[in-house]
>>> print(open('query16.csv').read())   # CSV, C-alpha atoms
chain,number,residue,atom,x,y,z
A,1,MET,CA,17.9,13.4,-16.5
A,2,GLY,CA,16.0,10.8,-14.3
A,3,PRO,CA,15.6,8.0,-13.5
A,4,LEU,CA,19.1,8.3,-12.2
A,5,ILE,CA,19.9,4.6,-11.5
A,6,GLN,CA,18.4,3.4,-14.8
A,7,GLN,CA,20.3,6.0,-16.7
A,8,GLY,CA,23.5,4.9,-15.1
A,9,ILE,CA,24.1,8.4,-13.7
A,10,LEU,CA,24.5,6.9,-10.2
A,11,SER,CA,25.9,3.5,-9.4
A,12,PRO,CA,23.4,0.8,-8.3
A,13,GLU,CA,24.6,0.9,-4.6
A,14,TRP,CA,22.9,4.3,-4.3
A,15,ASP,CA,19.6,2.6,-5.1
A,16,MET,CA,19.4,1.1,-1.6
A,17,ILE,CA,20.2,4.4,0.0
A,18,PHE,CA,17.5,6.1,-2.0
A,19,ALA,CA,15.1,3.3,-1.0
A,20,PHE,CA,15.8,3.8,2.7
A,21,ILE,CA,15.4,7.6,2.6
A,22,ILE,CA,12.3,7.4,0.4
A,23,GLY,CA,11.0,4.8,2.9
A,24,ILE,CA,11.5,7.2,5.8
A,25,SER,CA,9.5,9.9,4.0
A,26,PHE,CA,6.8,7.3,3.1
A,27,GLY,CA,6.5,6.1,6.7
A,28,PHE,CA,6.6,9.5,8.2
A,29,ILE,CA,3.9,10.9,6.0
A,30,LEU,CA,1.6,7.9,6.5
A,31,GLU,CA,1.9,8.1,10.2
A,32,GLN,CA,1.4,11.9,10.2
A,33,ALA,CA,-1.8,11.4,8.2
A,34,GLY,CA,-3.1,9.0,10.7
A,35,PHE,CA,-2.7,5.7,8.7
A,36,SER,CA,-1.2,4.2,11.8
A,37,THR,CA,-4.6,3.4,13.3
A,38,ALA,CA,-7.3,1.1,11.9
A,39,ARG,CA,-9.9,3.4,13.1
A,40,LYS,CA,-9.0,6.1,10.6
A,41,ILE,CA,-8.5,3.6,7.8
A,42,VAL,CA,-11.8,1.9,7.8
A,43,GLY,CA,-13.5,5.2,8.3
A,44,VAL,CA,-13.7,5.7,4.5
A,45,PHE,CA,-15.8,2.6,4.1
A,46,TYR,CA,-18.2,3.6,6.8
A,47,GLY,CA,-18.5,7.3,6.0
A,48,TYR,CA,-17.0,8.8,9.1
A,49,ASP,CA,-13.4,9.5,8.0
A,50,MET,CA,-12.5,10.2,4.4
A,51,THR,CA,-8.8,10.6,5.0
A,52,VAL,CA,-7.8,7.4,3.1
A,53,LEU,CA,-9.5,8.6,-0.1
A,54,ARG,CA,-8.3,12.2,0.2
A,55,VAL,CA,-4.6,11.2,0.8
A,56,PHE,CA,-4.7,8.5,-1.9
A,57,LEU,CA,-6.2,10.5,-4.7
A,58,THR,CA,-4.1,13.6,-3.9
A,59,ALA,CA,-1.0,11.5,-3.9
A,60,VAL,CA,-1.9,9.8,-7.3
A,61,VAL,CA,-2.8,13.1,-8.9
A,62,THR,CA,0.4,14.8,-7.6
A,63,ALA,CA,2.6,11.9,-8.7
A,64,SER,CA,1.0,11.3,-12.1
A,65,VAL,CA,0.9,14.9,-13.1
A,66,GLY,CA,4.4,15.4,-11.7
A,67,LEU,CA,5.7,12.5,-13.8
A,68,LEU,CA,4.0,13.7,-17.0
A,69,TYR,CA,5.3,17.3,-16.4
A,70,PHE,CA,8.8,16.1,-15.6
A,71,ASN,CA,8.8,14.1,-18.7
A,72,TYR,CA,7.6,17.1,-20.7
A,73,LEU,CA,10.4,19.2,-19.2
A,74,GLY,CA,13.0,16.5,-20.0
A,75,TRP,CA,13.8,15.9,-16.3
A,76,ILE,CA,12.8,12.3,-16.4
A,77,ASP,CA,12.6,9.8,-19.2
A,78,ILE,CA,9.2,8.2,-18.6
A,79,SER,CA,9.9,5.3,-20.9
A,80,LEU,CA,12.5,4.0,-18.4
A,81,ILE,CA,10.2,3.9,-15.4
A,82,TYR,CA,8.6,0.7,-14.1
A,83,ILE,CA,5.1,0.0,-15.3
A,84,ASN,CA,3.2,-2.6,-13.4
A,85,PRO,CA,2.5,-5.5,-15.7
A,86,THR,CA,-1.2,-6.4,-16.0
A,87,PHE,CA,-2.3,-9.9,-15.1
A,88,ILE,CA,-6.1,-9.4,-15.2
A,89,TRP,CA,-7.4,-12.3,-13.1
A,90,SER,CA,-4.8,-12.3,-10.4
A,91,ALA,CA,-5.1,-8.5,-10.1
A,92,ILE,CA,-8.8,-8.7,-9.6
A,93,ILE,CA,-8.9,-11.6,-7.2
A,94,GLY,CA,-5.8,-10.6,-5.4
A,95,GLY,CA,-7.2,-7.1,-5.1
A,96,VAL,CA,-10.5,-8.3,-3.7
A,97,LEU,CA,-8.5,-10.3,-1.1
A,98,VAL,CA,-6.5,-7.3,-0.1
A,99,GLY,CA,-9.8,-5.4,0.3
A,100,LEU,CA,-11.1,-8.2,2.5
A,101,GLY,CA,-8.0,-8.0,4.5
A,102,MET,CA,-8.6,-4.2,4.9
A,103,ILE,CA,-12.0,-4.7,6.3
A,104,VAL,CA,-11.4,-7.8,8.4
A,105,GLY,CA,-8.0,-6.6,9.7
A,106,GLY,CA,-8.4,-2.8,9.5
A,107,TYR,CA,-5.0,-2.4,7.7
A,108,CYS,CA,-3.2,-3.0,4.5
A,109,PRO,CA,0.5,-4.1,4.4
A,110,GLY,CA,2.0,-0.6,4.4
A,111,THR,CA,-0.3,0.8,7.1
A,112,SER,CA,0.1,-2.2,9.3
A,113,PHE,CA,3.8,-1.3,9.5
A,114,ALA,CA,3.0,2.3,10.5
A,115,ALA,CA,0.7,1.0,13.2
A,116,ALA,CA,3.2,-1.5,14.5
A,117,ALA,CA,5.9,1.2,14.5
A,118,ILE,CA,4.0,3.2,17.0
A,119,GLY,CA,3.1,0.3,19.2
A,120,LYS,CA,-0.2,-1.0,18.0
A,121,ILE,CA,-0.4,-4.7,18.7
A,122,ASP,CA,-3.2,-5.2,16.2
A,123,GLY,CA,-0.8,-3.9,13.6
A,124,MET,CA,1.9,-6.3,14.6
A,125,VAL,CA,-0.6,-9.2,14.5
A,126,PHE,CA,-1.7,-8.1,11.0
A,127,ILE,CA,2.0,-8.2,9.9
A,128,GLY,CA,2.2,-11.7,11.4
A,129,GLY,CA,-0.8,-12.6,9.3
A,130,LEU,CA,0.9,-11.2,6.2
A,131,PHE,CA,3.9,-13.5,6.7
A,132,ILE,CA,1.5,-16.5,7.1
A,133,GLY,CA,-0.4,-15.5,4.0
A,134,VAL,CA,2.6,-15.1,1.9
A,135,PHE,CA,4.1,-18.3,3.2
A,136,PHE,CA,0.9,-20.2,2.5
A,137,TYR,CA,0.9,-18.8,-1.0
A,138,GLY,CA,4.5,-19.9,-1.6
A,139,GLU,CA,3.9,-23.4,-0.3
A,140,THR,CA,0.7,-23.9,-2.2
A,141,TYR,CA,1.7,-22.1,-5.4
A,142,ASP,CA,2.6,-25.0,-7.5
A,143,PHE,CA,-0.7,-26.8,-7.2
A,144,LEU,CA,-3.1,-23.9,-6.2
A,145,PHE,CA,-2.1,-20.6,-7.6
A,146,LYS,CA,0.3,-21.1,-10.4
A,147,ASN,CA,-2.1,-21.0,-13.3
A,148,LEU,CA,-4.1,-18.1,-11.9
A,149,HIS,CA,-0.9,-16.2,-11.1
A,150,ASP,CA,0.2,-16.2,-14.7
A,151,ALA,CA,-3.2,-15.9,-16.4
A,152,GLY,CA,-4.3,-13.0,-18.5
A,153,ASN,CA,-0.9,-11.4,-19.0
A,154,LEU,CA,-1.3,-8.2,-21.0
A,155,GLY,CA,2.2,-7.0,-20.2
A,156,PRO,CA,3.3,-3.6,-18.8
A,157,VAL,CA,0.5,-1.8,-20.6
A,158,THR,CA,-0.8,1.6,-19.5
A,159,LEU,CA,-4.5,2.6,-19.4
A,160,TYR,CA,-4.1,5.2,-22.0
A,161,GLN,CA,-2.5,2.7,-24.4
A,162,ILE,CA,-5.5,0.4,-23.9
A,163,LEU,CA,-7.9,3.3,-24.5
A,164,GLY,CA,-5.9,4.6,-27.5
A,165,ILE,CA,-5.6,8.1,-26.1
A,166,SER,CA,-2.6,10.1,-25.0
A,167,SER,CA,-1.3,10.2,-21.5
A,168,GLY,CA,-2.2,13.8,-21.2
A,169,THR,CA,-5.8,13.1,-22.2
A,170,LEU,CA,-6.1,10.3,-19.6
A,171,GLU,CA,-4.6,12.6,-17.0
A,172,PHE,CA,-7.2,15.2,-17.8
A,173,PHE,CA,-10.1,12.8,-17.3
A,174,PHE,CA,-8.5,11.4,-14.2
A,175,LEU,CA,-8.3,14.9,-12.7
A,176,ILE,CA,-12.0,15.3,-13.4
A,177,PHE,CA,-12.6,12.0,-11.7
A,178,ALA,CA,-10.5,13.0,-8.7
A,179,ILE,CA,-12.3,16.3,-8.3
A,180,PHE,CA,-15.6,14.4,-8.4
A,181,MET,CA,-14.4,12.0,-5.8
A,182,PHE,CA,-13.2,14.9,-3.6
A,183,TRP,CA,-16.6,16.5,-3.8
A,184,MET,CA,-18.1,13.1,-3.0
A,185,THR,CA,-16.0,12.9,0.2
A,186,ILE,CA,-17.5,16.2,1.3
A,187,VAL,CA,-21.1,15.0,0.4
A,188,ILE,CA,-20.6,11.7,2.3
A,189,THR,CA,-19.1,13.4,5.3
A,190,LYS,CA,-22.1,15.8,5.5
A,191,ALA,CA,-24.6,12.9,5.0
A,192,PHE,CA,-23.0,10.7,7.7
A,193,SER,CA,-22.5,13.5,10.3
A,194,ASN,CA,-26.3,13.7,10.4
A,195,ARG,CA,-26.5,10.0,11.3
A,196,GLN,CA,-24.6,10.2,14.5
A,197,PHE,CA,-22.5,7.2,13.9
A,198,LYS,CA,-20.2,6.2,16.7
A,199,TYR,CA,-17.1,4.4,15.7
B,1,MET,CA,1.4,16.7,39.2
B,2,GLU,CA,1.0,14.5,36.2
B,3,LYS,CA,1.6,16.1,32.8
B,4,ILE,CA,-0.7,14.5,30.3
B,5,GLN,CA,0.8,14.5,26.9
B,6,GLU,CA,-1.9,15.4,24.3
B,7,PRO,CA,-1.2,13.6,21.0
B,8,LYS,CA,-0.8,16.1,18.2
B,9,LYS,CA,-3.4,16.3,15.5
B,10,TYR,CA,-3.0,14.5,12.3
B,11,MET,CA,-1.6,16.2,9.2
B,12,ASN,CA,-4.1,17.7,6.7
B,13,PRO,CA,-4.9,14.8,4.3
B,14,TYR,CA,-4.4,16.9,1.1
B,15,LEU,CA,-1.0,18.1,2.4
B,16,ALA,CA,-0.1,14.5,3.3
B,17,GLY,CA,-1.3,13.3,-0.2
B,18,PHE,CA,0.8,16.0,-1.9
B,19,LEU,CA,3.9,15.1,0.1
B,20,LEU,CA,3.3,11.5,-0.6
B,21,GLY,CA,3.0,12.3,-4.3
B,22,LEU,CA,6.3,14.2,-4.1
B,23,THR,CA,7.9,11.1,-2.4
B,24,MET,CA,6.6,8.9,-5.3
B,25,ILE,CA,8.1,11.3,-7.9
B,26,ALA,CA,11.4,11.1,-6.0
B,27,ALA,CA,11.2,7.3,-6.1
B,28,PHE,CA,10.6,7.4,-9.9
B,29,TYR,CA,13.3,10.0,-10.4
B,30,PHE,CA,16.0,8.3,-8.4
B,31,SER,CA,15.1,4.6,-8.7
B,32,GLY,CA,12.9,4.4,-11.7
B,33,ARG,CA,10.2,2.8,-9.7
B,34,GLY,CA,7.4,3.6,-7.2
B,35,LEU,CA,6.7,2.7,-3.6
B,36,GLY,CA,5.6,-0.6,-2.3
B,37,ALA,CA,5.2,-2.7,0.9
B,38,SER,CA,4.1,-6.3,0.4
B,39,GLY,CA,7.1,-7.1,-1.7
B,40,ALA,CA,9.3,-6.7,1.4
B,41,ILE,CA,7.3,-9.5,3.1
B,42,LYS,CA,7.7,-11.7,0.1
B,43,SER,CA,11.4,-11.1,0.1
B,44,THR,CA,11.7,-11.9,3.8
B,45,VAL,CA,9.6,-15.1,3.5
B,46,THR,CA,11.8,-16.2,0.6
B,47,ALA,CA,14.9,-15.5,2.5
B,48,VAL,CA,13.8,-17.4,5.6
B,49,VAL,CA,12.6,-20.4,3.6
B,50,SER,CA,15.8,-20.4,1.6
B,51,ALA,CA,17.8,-20.3,4.8
B,52,VAL,CA,15.9,-23.1,6.5
B,53,ALA,CA,15.2,-25.3,3.5
B,54,PRO,CA,17.4,-24.3,0.6
B,55,ALA,CA,16.7,-27.4,-1.6
B,56,HIS,CA,12.9,-26.9,-1.2
B,57,ALA,CA,13.2,-23.2,-2.0
B,58,ASP,CA,15.3,-23.9,-5.1
B,59,LYS,CA,12.7,-26.4,-6.4
B,60,SER,CA,9.9,-24.0,-5.9
B,61,GLU,CA,9.1,-21.7,-8.8
B,62,PHE,CA,7.7,-19.2,-6.5
B,63,TYR,CA,10.6,-18.8,-4.1
B,64,ALA,CA,13.1,-19.0,-7.0
B,65,SER,CA,11.5,-16.0,-8.7
B,66,TYR,CA,12.0,-13.9,-5.6
B,67,LYS,CA,15.6,-15.0,-5.0
B,68,GLY,CA,17.2,-13.1,-7.8
B,69,GLU,CA,20.7,-13.9,-8.9
B,70,GLY,CA,23.4,-14.3,-6.4
B,71,SER,CA,22.7,-11.8,-3.6
B,72,SER,CA,20.2,-12.4,-0.8
B,73,PRO,CA,16.5,-11.7,-1.3
B,74,MET,CA,16.8,-9.3,1.6
B,75,ASN,CA,19.1,-7.1,-0.6
B,76,SER,CA,16.0,-5.7,-2.3
B,77,TRP,CA,14.7,-2.2,-2.8
B,78,LEU,CA,11.5,-2.8,-0.9
B,79,VAL,CA,13.2,-4.3,2.1
B,80,TYR,CA,15.4,-1.2,2.5
B,81,GLU,CA,12.4,1.0,1.8
B,82,MET,CA,10.3,-0.7,4.6
B,83,LEU,CA,13.2,-0.4,7.0
B,84,GLY,CA,13.2,3.3,6.3
B,85,PHE,CA,9.4,3.3,6.5
B,86,ILE,CA,9.4,1.9,10.1
B,87,PHE,CA,12.0,4.4,11.1
B,88,GLY,CA,10.0,7.3,9.5
B,89,ALA,CA,6.7,6.2,11.1
B,90,LEU,CA,8.4,5.8,14.4
B,91,ILE,CA,9.9,9.4,14.2
B,92,SER,CA,6.5,10.7,13.3
B,93,GLY,CA,4.9,8.9,16.2
B,94,ILE,CA,7.5,10.2,18.6
B,95,ILE,CA,7.1,13.8,17.4
B,96,ALA,CA,3.3,13.6,17.6
B,97,GLY,CA,3.2,11.8,20.9
B,98,ARG,CA,1.4,8.9,19.5
B,99,ILE,CA,3.7,6.1,20.7
B,100,LYS,CA,1.6,3.9,22.8
B,101,LYS,CA,1.5,0.1,23.2
B,102,ASP,CA,-2.2,-0.7,22.8
B,103,ILE,CA,-4.8,-2.3,20.5
B,104,VAL,CA,-6.9,-0.2,18.2
B,105,LYS,CA,-10.4,-1.5,18.4
B,106,PRO,CA,-14.1,-0.6,18.4
B,107,PRO,CA,-15.4,0.0,21.9
B,108,LYS,CA,-17.7,-3.0,22.1
B,109,ILE,CA,-15.2,-5.5,20.7
B,110,THR,CA,-12.9,-7.5,22.9
B,111,SER,CA,-9.2,-7.3,22.4
B,112,ARG,CA,-9.0,-11.0,21.7
B,113,THR,CA,-11.6,-10.8,18.9
B,114,ARG,CA,-9.8,-7.7,17.4
B,115,LEU,CA,-6.5,-9.5,17.4
B,116,ILE,CA,-7.9,-12.6,15.8
B,117,MET,CA,-9.5,-10.4,13.1
B,118,ALA,CA,-6.3,-8.6,12.6
B,119,GLY,CA,-4.5,-11.8,12.1
B,120,LEU,CA,-7.1,-13.2,9.6
B,121,GLY,CA,-7.1,-9.9,7.8
B,122,GLY,CA,-3.3,-10.1,7.5
B,123,VAL,CA,-3.5,-13.6,6.1
B,124,ALA,CA,-6.1,-12.5,3.5
B,125,ALA,CA,-4.0,-9.5,2.5
B,126,GLY,CA,-0.8,-11.6,2.4
B,127,ILE,CA,-2.4,-14.0,-0.1
B,128,GLY,CA,-4.1,-11.2,-2.0
B,129,ALA,CA,-1.0,-9.1,-2.3
B,130,THR,CA,1.1,-12.0,-3.5
B,131,LEU,CA,-1.5,-13.1,-6.0
B,132,GLY,CA,-2.2,-9.5,-7.1
B,133,ARG,CA,1.5,-8.6,-7.4
B,134,GLY,CA,1.2,-5.8,-4.9
B,135,CYS,CA,-1.0,-4.1,-2.3
B,136,THR,CA,-2.5,-0.7,-2.0
B,137,SER,CA,1.0,0.9,-2.0
B,138,GLY,CA,2.6,-0.9,-4.8
B,139,ALA,CA,-0.3,-2.0,-7.0
B,140,GLY,CA,-2.6,0.8,-6.1
B,141,LEU,CA,-0.7,4.0,-5.4
B,142,THR,CA,2.3,3.3,-7.6
B,143,GLY,CA,0.2,1.5,-10.2
B,144,MET,CA,-2.1,4.4,-10.7
B,145,SER,CA,0.6,7.0,-10.6
B,146,ASN,CA,2.4,5.5,-13.6
B,147,LEU,CA,-1.1,5.2,-15.2
B,148,SER,CA,-0.7,1.5,-15.7
B,149,LEU,CA,-3.8,-0.6,-16.5
B,150,ALA,CA,-2.8,-2.9,-13.6
B,151,GLY,CA,-2.9,0.0,-11.2
B,152,PHE,CA,-6.5,0.9,-12.0
B,153,ILE,CA,-7.7,-2.6,-12.0
B,154,SER,CA,-6.0,-3.3,-8.6
B,155,PHE,CA,-7.3,-0.1,-7.1
B,156,MET,CA,-10.9,-0.8,-8.1
B,157,ALA,CA,-10.6,-4.4,-7.0
B,158,MET,CA,-9.2,-3.5,-3.6
B,159,PHE,CA,-11.5,-0.6,-2.7
B,160,GLY,CA,-14.5,-2.1,-4.5
B,161,GLY,CA,-13.9,-5.4,-2.6
B,162,ALA,CA,-13.4,-3.6,0.7
B,163,PHE,CA,-16.7,-1.7,0.2
B,164,MET,CA,-18.5,-4.9,-0.6
B,165,PHE,CA,-17.2,-6.6,2.5
B,166,SER,CA,-17.7,-3.5,4.7
B,167,PHE,CA,-21.4,-4.0,4.6
B,168,PHE,CA,-21.1,-7.5,6.3
B,169,LEU,CA,-18.7,-6.3,9.0
B,170,ARG,CA,-20.5,-3.1,9.8
B,171,LYS,CA,-21.6,-4.4,13.2
B,172,PHE,CA,-18.0,-5.0,14.1
B,173,TRP,CA,-16.7,-1.6,13.3
B,174,ILE,CA,-19.7,0.7,14.0
B,175,ASN,CA,-21.9,1.3,17.0
B,176,LYS,CA,-25.0,3.4,16.5
B,177,ALA,CA,-24.8,6.2,19.1
>>> encode(input="query16.csv", output="structure tokens")
Amino acid sequence: MGPLIQQGILSPEWDMIFAFIIGISFGFILEQAGFSTARKIVGVFYGYDMTVLRVFLTAVVTASVGLLYFNYLGWIDISLIYINPTFIWSAIIGGVLVGLGMIVGGYCPGTSFAAAAIGKIDGMVFIGGLFIGVFFYGETYDFLFKNLHDAGNLGPVTLYQILGISSGTLEFFFLIFAIFMFWMTIVITKAFSNRQFKY
Amino acid sequence: MEKIQEPKKYMNPYLAGFLLGLTMIAAFYFSGRGLGASGAIKSTVTAVVSAVAPAHADKSEFYASYKGEGSSPMNSWLVYEMLGFIFGALISGIIAGRIKKDIVKPPKITSRTRLIMAGLGGVAAGIGATLGRGCTSGAGLTGMSNLSLAGFISFMAMFGGAFMFSFFLRKFWINKA
């Protein structure tokens, strides 16, 4: 039963091998989907390319349904997997900054690596910016970010716990939301194709 | 006679999303965690700072938290994952004929402007991903897949924020035909 490393079924050295192999899959798929060019990535914000939303939502639906189903089948113990801890304020402000980076730079951290891997210089420069940003954060942390970084700690709580519903119920509503968003991507694509936008 | 290599078409987004979802399930199944990206940058910065100025790094709460016990910060899951990531993206690019050294930019924008924007965007994302404890991959993709509250907040902040800012940068990315 998974997760294999946490259950002690495989020794910790295997973890890094898994990381590498899973990384290969991650990078291969992202590049195959076209996330290696800023042109496709910003398209979702300007209505001419809905790829980002389609890939993202499909991936989340697949993974979340898969996890719940594996848990139900007894293939994975969902109580042992990592749940991102919620720090409300840093999540919001940090997220908005990442969004700013996406629009200004045309990439996010992961996609910039895909772009750099196939030779895109703007991707490489974005990565350079990432290093500068992280370094800046590290150097100014003690007097600039420390309080914000640790504020609003709700712990590794799930959305269904907060709402007081079961994971299955949440998943059901999320599926409805995802279907609605998929439909919206079709609507938006039709609306914008009439507008003759040129990238 | 010059043979022009036509780059292959991109994978269907739903198929890509499905495969990405399977990859995430694999990550949870084998390693008990999801995918990420920005964490690898944090580990690398911590490793470099620790190597260049170890006393400074030890005193800093931030770098100390990324150092872990004993082993190098580079000995981290995300660093190995991103190494594989680069390899995987490279293979995909080779198979698809998309390896090309150039700059992706809108037609009316100069390369110089584009690169400056890319750098600034990277700085913003670097700060944001460190503050927000993840980027679209770790906080967004993974965070929503394990149904964490943090994931949904991060996703909304990232995409909501991007949509907000996209209005102000529309002249940069879009030309009316």
>>> residues_around(input="query16.csv", residues="Leu78 (chain B)", least_positions_apart="4", cutoff="9 Å", atoms="all atoms listed in the file", output="mmCIF file with C-alpha atoms, in the frame of the given file")
data_model
loop_
_atom_site.group_PDB
_atom_site.id
_atom_site.type_symbol
_atom_site.label_atom_id
_atom_site.label_comp_id
_atom_site.auth_asym_id
_atom_site.auth_seq_id
_atom_site.Cartn_x
_atom_site.Cartn_y
_atom_site.Cartn_z
ATOM 1 C CA MET A 16 19.400 1.100 -1.600
ATOM 2 C CA ALA A 19 15.100 3.300 -1.000
ATOM 3 C CA PHE A 20 15.800 3.800 2.700
ATOM 4 C CA GLY A 23 11.000 4.800 2.900
ATOM 5 C CA LEU B 35 6.700 2.700 -3.600
ATOM 6 C CA GLY B 36 5.600 -0.600 -2.300
ATOM 7 C CA ALA B 37 5.200 -2.700 0.900
ATOM 8 C CA SER B 38 4.100 -6.300 0.400
ATOM 9 C CA GLY B 39 7.100 -7.100 -1.700
ATOM 10 C CA ALA B 40 9.300 -6.700 1.400
ATOM 11 C CA ILE B 41 7.300 -9.500 3.100
ATOM 12 C CA SER B 43 11.400 -11.100 0.100
ATOM 13 C CA MET B 74 16.800 -9.300 1.600
ATOM 14 C CA MET B 82 10.300 -0.700 4.600
ATOM 15 C CA LEU B 83 13.200 -0.400 7.000
#
>>> atom_distance(input="query16.csv", atom1="CA of Phe177 (chain A)", atom2="CA of Arg54 (chain A)")
12.7 Å
>>> residues_around(input="query16.csv", residues="Thr185 (chain A)", least_positions_apart="6", cutoff="10 Å", atoms="only C-alpha atoms", output="list in words")
Val44, Gly47, Tyr48, Asp49, Met50, Thr51, Leu53, Arg54, Ile179 and Ala191 of chain A
>>> write_last_selection(input="query16.csv", atoms="C-alpha atoms", output="JSON list (two decimals), in the frame of the given file")
[["chain", "number", "residue", "atom", "x", "y", "z"],
["A", 44, "VAL", "CA", -13.70, 5.70, 4.50],
["A", 47, "GLY", "CA", -18.50, 7.30, 6.00],
["A", 48, "TYR", "CA", -17.00, 8.80, 9.10],
["A", 49, "ASP", "CA", -13.40, 9.50, 8.00],
["A", 50, "MET", "CA", -12.50, 10.20, 4.40],
["A", 51, "THR", "CA", -8.80, 10.60, 5.00],
["A", 53, "LEU", "CA", -9.50, 8.60, -0.10],
["A", 54, "ARG", "CA", -8.30, 12.20, 0.20],
["A", 179, "ILE", "CA", -12.30, 16.30, -8.30],
["A", 191, "ALA", "CA", -24.60, 12.90, 5.00]]
>>> closest_residue(input="query16.csv", among="B:Lys67, B:Lys108, B:Lys171, B:Lys42", to="chain A", atoms="all atoms listed in the file")
B:Lys42
>>> closest_residue(input="query16.csv", among="A:Ile9, A:Met181, A:Ala115, A:Leu130", to="chain B", atoms="all atoms listed in the file")
A:Leu130
>>> residues_around(input="query16.csv", residues="Thr136 (chain B)", least_positions_apart="3", cutoff="8 Å", atoms="all atoms listed in the file", output="list in words")
Val98, Cys108, Pro109 and Gly110 of chain A; Ala139, Gly140, Leu141, Ser154, Phe155 and Met158 of chain B
>>> write_last_selection(input="query16.csv", atoms="C-alpha atoms", output="tab-separated table (two decimals), in the frame of the given file")
chain	number	residue	atom	x	y	z
A	98	VAL	CA	-6.50	-7.30	-0.10
A	108	CYS	CA	-3.20	-3.00	4.50
A	109	PRO	CA	0.50	-4.10	4.40
A	110	GLY	CA	2.00	-0.60	4.40
B	139	ALA	CA	-0.30	-2.00	-7.00
B	140	GLY	CA	-2.60	0.80	-6.10
B	141	LEU	CA	-0.70	4.00	-5.40
B	154	SER	CA	-6.00	-3.30	-8.60
B	155	PHE	CA	-7.30	-0.10	-7.10
B	158	MET	CA	-9.20	-3.50	-3.60
>>> atom_distance(input="query16.csv", atom1="CA of Asn153 (chain A)", atom2="CA of Phe87 (chain A)")
4.4 Å
>>> atom_distance(input="query16.csv", atom1="CA of Gly97 (chain B)", atom2="CA of Phe28 (chain A)")
13.3 Å
>>> closest_residue(input="query16.csv", among="A:Ile78, A:Tyr69, A:Phe35, A:Ala117", to="chain B", atoms="all atoms listed in the file")
A:Ala117
>>> residues_around(input="query16.csv", residues="Gly34 (chain B)", least_positions_apart="5", cutoff="6 Å", atoms="all atoms listed in the file", output="PyMOL selection string")
chain B and resi 24+27-28+142
>>> build_atoms(input="query16.csv", residues="region 72-85 of chain B", atoms="N, CA and C atoms", output="mmCIF file, keeping the file's coordinate frame")
data_model
loop_
_atom_site.group_PDB
_atom_site.id
_atom_site.type_symbol
_atom_site.label_atom_id
_atom_site.label_comp_id
_atom_site.auth_asym_id
_atom_site.auth_seq_id
_atom_site.Cartn_x
_atom_site.Cartn_y
_atom_site.Cartn_z
ATOM 1 N N SER B 72 21.338 -12.009 -1.634
ATOM 2 C CA SER B 72 20.200 -12.400 -0.800
ATOM 3 C C SER B 72 18.943 -11.711 -1.216
ATOM 4 N N PRO B 73 17.794 -12.382 -1.041
ATOM 5 C CA PRO B 73 16.500 -11.700 -1.300
ATOM 6 C C PRO B 73 16.309 -10.486 -0.455
ATOM 7 N N MET B 74 16.998 -10.423 0.691
ATOM 8 C CA MET B 74 16.800 -9.300 1.600
ATOM 9 C C MET B 74 17.513 -8.037 1.007
ATOM 10 N N ASN B 75 18.378 -8.239 0.015
ATOM 11 C CA ASN B 75 19.100 -7.100 -0.600
ATOM 12 C C ASN B 75 18.175 -6.504 -1.674
ATOM 13 N N SER B 76 16.959 -6.171 -1.302
ATOM 14 C CA SER B 76 16.000 -5.700 -2.300
ATOM 15 C C SER B 76 15.524 -4.293 -1.916
ATOM 16 N N TRP B 77 15.119 -3.569 -2.937
ATOM 17 C CA TRP B 77 14.700 -2.200 -2.800
ATOM 18 C C TRP B 77 13.629 -2.027 -1.728
ATOM 19 N N LEU B 78 12.637 -2.901 -1.793
ATOM 20 C CA LEU B 78 11.500 -2.800 -0.900
ATOM 21 C C LEU B 78 11.874 -3.054 0.554
ATOM 22 N N VAL B 79 12.803 -3.962 0.757
ATOM 23 C CA VAL B 79 13.200 -4.300 2.100
ATOM 24 C C VAL B 79 13.868 -3.028 2.750
ATOM 25 N N TYR B 80 14.766 -2.396 2.000
ATOM 26 C CA TYR B 80 15.400 -1.200 2.500
ATOM 27 C C TYR B 80 14.346 -0.072 2.697
ATOM 28 N N GLU B 81 13.417 0.000 1.746
ATOM 29 C CA GLU B 81 12.400 1.000 1.800
ATOM 30 C C GLU B 81 11.537 0.822 3.089
ATOM 31 N N MET B 82 11.158 -0.429 3.398
ATOM 32 C CA MET B 82 10.300 -0.700 4.600
ATOM 33 C C MET B 82 11.065 -0.461 5.862
ATOM 34 N N LEU B 83 12.368 -0.704 5.839
ATOM 35 C CA LEU B 83 13.200 -0.400 7.000
ATOM 36 C C LEU B 83 13.119 1.106 7.291
ATOM 37 N N GLY B 84 13.287 1.879 6.208
ATOM 38 C CA GLY B 84 13.200 3.300 6.300
ATOM 39 C C GLY B 84 11.768 3.723 6.762
ATOM 40 N N PHE B 85 10.790 3.016 6.220
ATOM 41 C CA PHE B 85 9.400 3.300 6.500
ATOM 42 C C PHE B 85 9.138 3.186 8.032
#
